[in-house]
Structures are given as C-alpha cells and as structure tokens.
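Student: Quick one: structure below, then a few questions.
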Amino acid sequence: MDEKEILAQNLTRYRKNAGISQLELAKKLCYSNKNISKWENGETMPNAFILQKIANIYGVTIEDLLSQNNTIKPLQEVPKKNYRKTIFRLTMLFLANAIMYTFGTFLIYVLKMVNVSNFNLWLIYLYLSPLSFLSITIYLRVLYKYVDIISLSLFIWMLCLMFYLTFKDIPNFAYIFALGGAFQIIIICIVILVNLNILKLKIKSKYSKKDKT
C-alpha cells in the first residue's frame, strides 16, 4: 500500500472518528467537499499546509496521518475549537484597526485646523495601511498559518506605495518597487523552505516506520 492510499484511509477514519461530515471538514479548511472526497478516495493528496491543519483538527500529527498501523485516539481527545477565543481575537483586531484610523482622522482634522497645505493629508490613511496589514498578518499567523503570505505581501507592497507617493519627486525613487519585489521573493522562498521542511519530516517519518518493521 503506497503513501497516498494510507493517507486516504487515515483521513476517512479520523474524520468519521471525529463525527464530522466531508462538508463540515471542507468548511473548516475553506475547501470544497469535492476536494475532501478526492483526498479520501486517494485521487489526490493535500499539500503540507492543509495536511498540518487537518492534523490539528483531529488532534494528531502528520506522522499519524501517514502511518499505516496507528491507533486512532478516542473522540473525546480531539480538541474542540475555542470559538470564544477566536471572537475575542477578531474583536481585538477590529478595535486595533478602528483606533488607528480614528487617530488618523483626528490627526487630519488637527492639521487642517492649523492650515497645513503643503502636504496631502489623506496620505495619513495610506501610512496607517501597512500597520493595518501587519495586524492582520499577525492574526492570520496565529490562526491560519498557510494564508499569512497574502497579508504579508500586501503589507510590503502597501509600504512601497506609501513611500513612493510621499517621495515620488525624488529622481529614480520608483526603484523602491524593485526592493519590494526582492522582499516578495524572500517571502516566497521562506514559504517554500517551510513546505519542504514539513515534507522532509513526512518522508523521514515514513522510512523510520519501515525500519522499525
């Protein structure tokens, strides 16, 4: 039995043991139930990030999902998601962003009162945008590790746009976007390395299981 078949069987067993349907699991993973069906039928395999999230849902490790002769933990040992904590974090995220932009609005009002005319006051909202994306990145990093690359990328490009619109009169300052591109490549490389590291752990676990048998 190859790795894909073993994973397919374990995904089905763990899901049934957890008492959830394919549709419920699909909603937790933000995927369609057709993907879940393909994984459990051995047609395709989830990537390393999704595999880690599935393992977290069932309260096991990736090695457990890839092991042929493993004992499934009882249902009561599967940790339940703390929705109160999620709501609290979302509320804090919303409040942090609301406070930032409220402060920005107040600052614009004050600067207009003192007749500051040589500066585009609405750029203040743009200056706050990187902080907003950074807060979202931190939130996603805590709860949804596999999607934080999107928010972090937005943070970098918004930062580049902010500096460009502020200092665009400086000759050749548009090259700042090349710097943003370099940071984007670094982020992609980091994600690939993390993915490869998880894959390496899976392969190592697979062969260590074979050596024991």
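Chain identifiers are assigned as A, B, and so on, following the order in which chains appear in the structure tokens; residues are numbered from 1 within each chain, and ligands are numbered from 1 in order of appearance.
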With only C-alpha atoms as the counted atoms, please give the residues lying no more than 8 Å from Ile176 (chain A), apart from itself and same-chain residues fewer than 3 positions off, as a PyMOL selection string.
Tutor: chain A and resi 160+164+173+179-180
Student: Can you pull out the residues contacting Tyr58 (chain A)? Cut-off 7 Å, using only C-alpha atoms, and skip same-chain residues under 2 positions away; I want them as a PyMOL selection string.
Tutor: chain A and resi 14+18+54-56+60+78
Student: Would you work out the distance separating CA of Leu152 (chain A) from CA of Phe133 (chain A), expressed in Å to one decimal?
Tutor: 7.1 Å
Student: Going by DSSP on the backbone, which bits of region 5-191 of chain A are helix (DSSP H, G or I)? Write them as a PyMOL selection string, please.
Tutor: chain A and resi 5-18+22-29+33-40+48-58+62-66+75-77+83-113+123-143+145-167+173-191
Student: Counting only C-alpha atoms, which of A:Leu128, A:Asn120, A:Gly181, A:Val110 gets nearest to Ala98 (chain A)?
Tutor: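 Of A:Leu128, A:Asn120, A:Gly181, A:Val110, the one nearest Ala98 (chain A) is A:Leu128, counting only C-alpha atoms.
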Student: Nearest residue to Ile50 (chain A) out of A:Ser37, A:Ser153, A:Phe103, A:Tyr31, using only C-alpha atoms?
Tutor: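 When distances to Ile50 (chain A) are compared using only C-alpha atoms, the smallest one comes from A:Tyr31.
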Student: Taking only C-alpha atoms into account, name the residue in A:Ile192, A:Ile156, A:Ile57, A:Phe183 that is nearest to Glu24 (chain A).
Tutor: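 Of all the options, A:Ile57 lies closest to Glu24 (chain A).
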Student: Give the answer as one residue: which of A:Glu63, A:Ser129, A:Leu123, A:Glu43 has the shortest atom-to-atom distance to Leu165 (chain A), using only C-alpha atoms?
Tutor: A:Leu123
